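Quick notes on the structure that follows.
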Amino acid sequence: MREQELGFEGIERQPLRTFTEKAYLEYSMYVILDRALPAIGDGLKPVQRRIIYAMSELGLSAVSKHKKSARTVGDVIGKFHPHGDSACYEAMVLMAQPFAYRYTIVDGQGNWGSQDDPKSFAAMRYTEAKLTRYAEVLLRELGEGTVDWQPNFDGTLDEPQVLPARLPNLLLNGTTGIAVGMATDIPPHNLREVANACLHLLQEPEASTRALMKFIKGPDLPTGAEIVSPRSDLIDIYEKGTGSFKARATYVEDEDGIVIEALPWQTSGSKVLEQIAEQMRSKKLPMVEDLRDESDHENPTRLVIVPKGRKVDTAQLMAHLFATTDLERNYRVNLNIIGLDGRPKVMTLREILGQWLEFRIGTVRRRLAWRLEKVLARLHILEGLLAAYLNLDEVIRIIRTEDEPKPVLMRRFALTEIQADAILDTKLRHLAKLEEMKIRGEQAELAAERDELQGILGSDARLRKLVGEELQADAEKYGDARRSKIVEREAAQAIDETALIANEPVTVVLSSGGWVRSAKGHEIDPRSLQYKSGDAFQAAVRGMALQPAVFLDTTGRTYCLPAHTLPSARGLGEPLVGRFNPPDGARFTGVMMGDPEGLWLLASDAGYGFTARLKDLITDRKAGKTVLNPPENSLAVMPAFVPSAKSLVCIAVVDADGENGRLLTFPVGEVPEMPRGKGNKLFNIPSALAAERGEIVAGIAVVAPGGSLVVYNGERSKTYAFGELKEYQGARAQRGAVLTRGWRAVTRLDAIAPAE
């Protein structure tokens with residue numbers, strides 16, 4: 001015992017890093033090799049293999065009666081797989097679902113789930129199961145010396161390390177699994193196609209993957225549908241072992257409308273209908289009138305889409321639905337498999353079939369060798385029996401007179417111990433004359449079989465021929481026609497959302513509490529709308545339904561929403577914080593809309609600002625785009641539209657008491673155009689007053705020639721014609737003039753456009 005490794009209590013000590021690294025590596029290898037990835041021989045994970053073996057041990061063959069699933073699960077977890085019963089039962093259910101497995105292994109009776117909800121199966125105490133005829137492919141040769149056996153978890157029983165699959169089940173049913181640091185995604189394939197590819201590879205061992213793809217066109221999904229990926233994508237999958245393909249629902253048109261007859265693999269019809277219905281609710285599918293689910297026992301998938309009128313372009317509508325719903329799905333492929341060397345590897349189609357054929361040839365060789373051993377042993381016994389029958393009287397005399405007849409028989413007739421035991425075990429009724437003829441007949445048959453077996457085992461060509469013949473026979477017995485047609489189609493394109501919406505005039509209204517809504521037309525008076533208690537009108541802008549509405553918050557960030565996505569003005573609208581993620585404490589101060597090249601005046605209440613093009617303010621970020629940088633301790637104010645180059649900028653400033661309001665107007669050309677920044681000084685607020693917010697900008701407006709300015713003092717307002725603004729006109733960054741008595745507590749400014 002090494003003192004460096006053991007403490008004085010006799011406890012082993014090692015660094016935590018060493019222990020955790022070793023433990024994690026062991027766990028990783030267990031998950032990879034004994035849980036998540038399939039073996040190339042039978043294409044099964046350990047839990048699946050144990051379920052199938054346990055069912056065969058229970059006598060649940062295809063010709064037997066069904067037994068309770070709980071009985072099978074109990075045997076599996078009690079004898080071979082000491083894990084949770086629910087996980088074991090789910091693995092059993094998956095092998096029984098015809099919409100999940102291309103060739104089901106378990107024949108279920110009861111509720112085993114549906115394509116709409118695969119997990120809706122009944123509890124195992126209610127369902128019953130047995131093996132299907134296809135399971136014979138995996139089990140038929142199990143007792144013929146074809147596989148190695150290993151002790152179960154407690155060493156009381158033996159279980160097969162792999163099942164002697166007569167067909168490449170790995171490709172036929174496919175599998176998915178997530179291990180540690182790696183995963184596998186293998187789609188199902190057609191039995192006849194895979195068998196034909198194996199036969200070709202037996203005849204042409206150097207065949208390439210492309211040559212094998214003459215037989216295996218692509219995956220064959222249990223639910224049918226269409227595989228619409230280009231052939232180049234499928235070639236990449238099989239040549240590299242990784243890639244993806246697309247599957248699309250199939251449909252027909254009849255008097256009921258558009259009838260979807262087959263869905264992509266692992267797709268729920270109810271979910272598809274929900275996706276379509278959601279688009280109808282959000283007015284993105286105005287050409288669809290109704291949806292119906294007419295699926296029943298005879299028609300497992302029958303979804304009816306009723307278009308509005310005969311003028312609807314069905315192909316365009318379905319292309320849109322393929323692009324926006326699960327009627328078309330993308331499937332990842334990762335051919336990661338545990339090979340014959342016991343190591344996981346991403347394999348090409350050529351490698352998979354090559355290694356499986358190597359496994360199959362080895363299995364058949366072991367089966368023939370096992371049978372040859374049995375034949376030789378029987379011939380050996382028959383040789384001894386025949387010697388006894390030819391000297392029957394002498395044999396009887398030795399048995400009657402000798403105390404130990406066995407060694408005497410062995411010496412007298414040159415027999416082995418096995419032959420002598422067989423003679424001594426022979427019953428009296430088998431001493432008839434006819435038995436000698438039977439022995440000679442059996443001997444001749446077994447001798448012929450021995451020669452045949454030795455001939456096959458001694459010839460690689462004959463062995464490969466036998467494997468091919470068995471493959472062909474099994475393909476004819478268990479195979480069926482392809483379900484998923486491979487049709488290369490153009491990528492589905494969603495209908496442009498703007499093509500479904502009328503580009504009509506709208507008025508976007510923003511409340512002081514940050515609620516937004518959109519009203520049809522430009523004639524609406526936003527102040528007349530109803531607002532939530534404690535809320536009031538803040539800003540409104542006119543535009544078109546397909547234009548973006550750009551919102552400005554008090555931190556100088558802009559946010560953008562398509563106008564047609566805003567709620568109707570018939571209600572109270574919805575809060576913008578539900579659509580965006582503004583900084584804490586920020587409020588929405590204004591909204592902008594119109595020509596992307598249009599100019600807007602942005603300013604802070606510290607008196608700085610600039611003009612910017614609307615296109616530079618648009619963003620798709622929920623957190624907004626920083627455009628205006630207000631000085632410290634100041635906020636952005638409501639933006640103002642610049643109608644023309646000859647307009648006047650109007651800025652109203654009030655003091656902290658709201659009594660000494662001032663107004664400054666100057667030509668808009670004196671304001672610089674910038675995409676973002678702090679801007680230039682627009683109104684001369686002394687720095688000391690700005691820092692203490694002793695004076696702040698109460699509002700800005702830009703008035704075009706012929707227009708007018710409205711000055712608000714609470715609910716009261718006063719209108720100044722364009723010519724009347726001359727008494728307040730000065731240069732940018734001046735102090736302006738004091739407003740008329742009674743209008744110095746300015747709350748906001750509005751510009752009125754000239755009458756047309």
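Every chain in the structure tokens has a letter given in the order shown (A, B, ...), and although residue numbers restart at 1 in each chain, ligands are simply numbered from 1 in the order shown.
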
Sorted per-residue table, segment 269-362 of chain A near segment 109-124 of chain A, closest atoms and distance, 9 Å, only C-alpha atoms, as JSON lines:
```
{"residue": "A:Gly269", "atom": "CA", "partner": "A:Asp116", "partner_atom": "CA", "distance": 5.6}
{"residue": "A:Ser270", "atom": "CA", "partner": "A:Asp116", "partner_atom": "CA", "distance": 6.1}
{"residue": "A:Lys271", "atom": "CA", "partner": "A:Asp116", "partner_atom": "CA", "distance": 7.7}
{"residue": "A:Pro300", "atom": "CA", "partner": "A:Gln115", "partner_atom": "CA", "distance": 8.5}
{"residue": "A:Thr301", "atom": "CA", "partner": "A:Gln115", "partner_atom": "CA", "distance": 8.9}
```

Contact residues around Gly177 of chain A with only C-alpha atoms at 9 Å, ignoring same-chain residues under 6 positions, as a PyMOL selection string | chain A and resi 35-38+183-185

Within 10 Å of Arg292 of chain A, counting only C-alpha atoms, which residues qualify if same-chain residues fewer than 2 places away don't, as a list of chain:residue names?
-> A:Asp256, A:Val259, A:Leu273, A:Asp290, A:Glu294, A:Ser295, A:Arg302, A:Leu303, A:Val304, A:Ile305, A:Val306

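Put simply, atom CA of Thr363 of chain A is 21.5 Å away from atom CA of Gly174 of chain A.
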
Exercise: segment 586-598 of chain A partners within 8 Å, only C-alpha atoms, chain neighbours under 4 positions left out, as number ranges by chain | A: 508, 510, 512-514, 538-544, 547-555, 582, 613-615, 636-639, 641-642

At most 8 Å is the cut-off: for each residue in segment 421-465 of chain A with any atom that close to an atom of segment 372-385 of chain A, write down the nearest atom pair and the distance in Å rounded to one decimal, counting only C-alpha atoms, chain first then increasing number, as CSV.
```
residue,atom,partner,partner_atom,distance
A:Ala422,CA,A:Ile381,CA,6.7
A:Ile423,CA,A:Leu385,CA,6.0
A:Ile439,CA,A:Leu382,CA,6.5
A:Gln443,CA,A:Leu379,CA,6.3
A:Leu446,CA,A:Val375,CA,6.2
A:Ala447,CA,A:Leu379,CA,7.5
A:Glu449,CA,A:Val375,CA,7.7
A:Arg450,CA,A:Leu372,CA,6.2
A:Leu453,CA,A:Leu372,CA,6.3
A:Gln454,CA,A:Leu372,CA,7.5
```

Residues just named, written with C-alpha atoms as an mmCIF file, in the first residue's frame:
```
data_model
loop_
_atom_site.group_PDB
_atom_site.id
_atom_site.type_symbol
_atom_site.label_atom_id
_atom_site.label_comp_id
_atom_site.auth_asym_id
_atom_site.auth_seq_id
_atom_site.Cartn_x
_atom_site.Cartn_y
_atom_site.Cartn_z
ATOM 1 C CA ALA A 422 -24.825 -42.174 -27.103
ATOM 2 C CA ILE A 423 -24.897 -45.981 -27.448
ATOM 3 C CA ILE A 439 -29.266 -43.633 -39.336
ATOM 4 C CA GLN A 443 -25.925 -39.672 -42.156
ATOM 5 C CA LEU A 446 -25.823 -34.522 -42.860
ATOM 6 C CA ALA A 447 -22.800 -35.479 -44.940
ATOM 7 C CA GLU A 449 -24.955 -30.581 -45.605
ATOM 8 C CA ARG A 450 -21.430 -30.793 -44.180
ATOM 9 C CA LEU A 453 -21.239 -25.798 -45.397
ATOM 10 C CA GLN A 454 -17.548 -26.480 -45.771
#
```

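When only C-alpha atoms are used to measure the gap to Thr740 of chain A, the shortest distance among A:Thr20, A:Ser484, A:Asn660, A:Thr314 belongs to A:Asn660.
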
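If you count only C-alpha atoms and ignore residues fewer than 5 places along the chain from Gln530 of chain A, what sits within 10 Å of it is Asp535, Ala536, Phe537, Ala569, Arg570, Gly571 and Leu572 of chain A.
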
Take the residues from that selection and put them in a file with C-alpha atoms, as a short mmCIF file (atom, residue, chain, number, x, y, z; two decimals), in the first residue's frame.
```cif
data_model
loop_
_atom_site.label_atom_id
_atom_site.label_comp_id
_atom_site.auth_asym_id
_atom_site.auth_seq_id
_atom_site.Cartn_x
_atom_site.Cartn_y
_atom_site.Cartn_z
CA ASP A 535 -53.39 59.12 -19.87
CA ALA A 536 -53.70 61.82 -22.56
CA PHE A 537 -52.81 62.71 -26.12
CA ALA A 569 -57.78 53.27 -32.94
CA ARG A 570 -61.19 51.80 -32.10
CA GLY A 571 -59.59 50.55 -28.89
CA LEU A 572 -57.12 52.08 -26.47
#
```

Skipping near chain neighbours, those fewer than 6 positions away, what residues fall within 12 Å of Gly181 of chain A using only C-alpha atoms, listed as a ChimeraX atom specification?
-> /A:24-25,27-29,31-32,36-37,336,344

Output file for the selection above: N, CA, C and O atoms, as a CSV table (one decimal), in the first residue's frame:
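Once written, selection00.csv looks like this:
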```csv
chain,number,residue,atom,x,y,z
A,24,TYR,N,-16.0,12.5,-15.5
A,24,TYR,CA,-16.7,13.1,-16.6
A,24,TYR,C,-16.4,12.3,-17.9
A,24,TYR,O,-17.3,12.1,-18.7
A,25,LEU,N,-15.2,11.9,-18.1
A,25,LEU,CA,-14.8,11.1,-19.3
A,25,LEU,C,-15.5,9.8,-19.3
A,25,LEU,O,-16.0,9.3,-20.3
A,27,TYR,N,-18.3,9.1,-17.8
A,27,TYR,CA,-19.8,9.4,-18.0
A,27,TYR,C,-20.0,9.6,-19.5
A,27,TYR,O,-21.0,9.2,-20.1
A,28,SER,N,-19.1,10.4,-20.1
A,28,SER,CA,-19.2,10.8,-21.6
A,28,SER,C,-19.2,9.5,-22.4
A,28,SER,O,-20.0,9.3,-23.3
A,29,MET,N,-18.2,8.6,-22.1
A,29,MET,CA,-18.1,7.4,-22.9
A,29,MET,C,-19.3,6.5,-22.7
A,29,MET,O,-19.8,5.8,-23.6
A,31,VAL,N,-22.4,7.5,-22.1
A,31,VAL,CA,-23.6,8.1,-22.8
A,31,VAL,C,-23.4,7.9,-24.3
A,31,VAL,O,-24.3,7.5,-25.0
A,32,ILE,N,-22.2,8.0,-24.8
A,32,ILE,CA,-21.9,7.8,-26.2
A,32,ILE,C,-22.1,6.4,-26.7
A,32,ILE,O,-22.8,6.1,-27.6
A,36,ALA,N,-26.8,6.8,-26.3
A,36,ALA,CA,-27.3,7.7,-27.3
A,36,ALA,C,-27.1,7.3,-28.7
A,36,ALA,O,-27.9,7.6,-29.6
A,37,LEU,N,-26.0,6.6,-29.0
A,37,LEU,CA,-25.7,6.4,-30.4
A,37,LEU,C,-26.0,4.9,-30.7
A,37,LEU,O,-25.8,4.0,-29.9
A,336,ASN,N,-23.8,9.7,-37.5
A,336,ASN,CA,-22.8,9.4,-36.5
A,336,ASN,C,-23.1,8.1,-35.9
A,336,ASN,O,-24.2,8.0,-35.2
A,344,PRO,N,-17.3,5.8,-32.2
A,344,PRO,CA,-18.3,6.6,-32.9
A,344,PRO,C,-17.6,7.3,-34.1
A,344,PRO,O,-16.4,7.7,-34.0
```

Neighbours of Pro188 of chain A within 7 Å (only C-alpha atoms; same-chain residues fewer than 4 positions away dropped), as a PyMOL selection string?
-> chain A and resi 102+171-174+219-221

What is the distance between atom CA of Tyr238 of chain A and atom CA of Ile352 of chain A, in Å to one decimal?
->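 Computing it gives 9.7 Å between the two atoms.
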
Enter the distance from atom CA of Val346 of chain A to atom CA of Arg192 of chain A, in Å, rounded to one decimal.
->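 One can read the atom CA of Val346 of chain A to atom CA of Arg192 of chain A distance as 24.0 Å.
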
Nearest to Asn334 of chain A: which of A:Arg360, A:Arg350, A:Arg371, A:Lys240 is it, counting only C-alpha atoms?
->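 Selected residue with least distance to Asn334 of chain A: A:Lys240.
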
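Restricting the calculation to only C-alpha atoms, the smallest distance between Met318 of chain A and any of A:His83, A:Arg248, A:Arg744, A:Arg125 is found for A:Arg248.
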
Pull the closest atom pair for each residue of segment 22-47 of chain A that gets at most 10 Å from segment 51-61 of chain A, along with the distance in Å to one decimal, counting only C-alpha atoms, ordering rows by chain and then ascending residue number, as a tab-separated table.
```
residue	atom	partner	partner_atom	distance
A:Leu44	CA	A:Ile52	CA	9.9
A:Pro46	CA	A:Ile51	CA	8.6
A:Val47	CA	A:Ile51	CA	6.2
```

Could you please take those selected residues and save N, CA and C atoms as a CSV table (one decimal), in the first residue's frame?
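Just written: again.csv:
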```csv
chain,number,residue,atom,x,y,z
A,44,LEU,N,-29.5,-0.3,-33.4
A,44,LEU,CA,-30.3,-0.1,-32.2
A,44,LEU,C,-29.5,0.5,-31.1
A,46,PRO,N,-29.0,0.6,-26.8
A,46,PRO,CA,-29.1,-0.5,-25.9
A,46,PRO,C,-30.5,-0.7,-25.3
A,47,VAL,N,-31.2,0.3,-25.0
A,47,VAL,CA,-32.6,0.2,-24.5
A,47,VAL,C,-33.5,-0.5,-25.5
```

DSSP says alpha helix (DSSP H) for which residues of segment 324-390 of chain A? Put them as a PyMOL selection string?
-> chain A and resi 324+349-390

A:Met674, A:Ala623, A:Leu357, A:Ala277: which is nearest Pro583 of chain A, counting only C-alpha atoms?
->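 Ranked by minimum distance to Pro583 of chain A, first place goes to A:Ala623.
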
Would you mind writing down, as JSON, numbers by chain, each residue of segment 175-386 of chain A that DSSP on the backbone assigns to strand (DSSP E)?
-> {"A": [175, 176, 177, 178, 183, 184, 185, 186, 226, 227, 242, 243, 244, 245, 246, 247, 248, 250, 251, 252, 253, 254, 257, 258, 259, 260, 261, 262, 288, 289, 290, 291, 292, 293, 303, 304, 305, 306, 307, 328, 329, 330, 331, 332, 333, 334, 336, 337, 338, 344, 345, 346]}
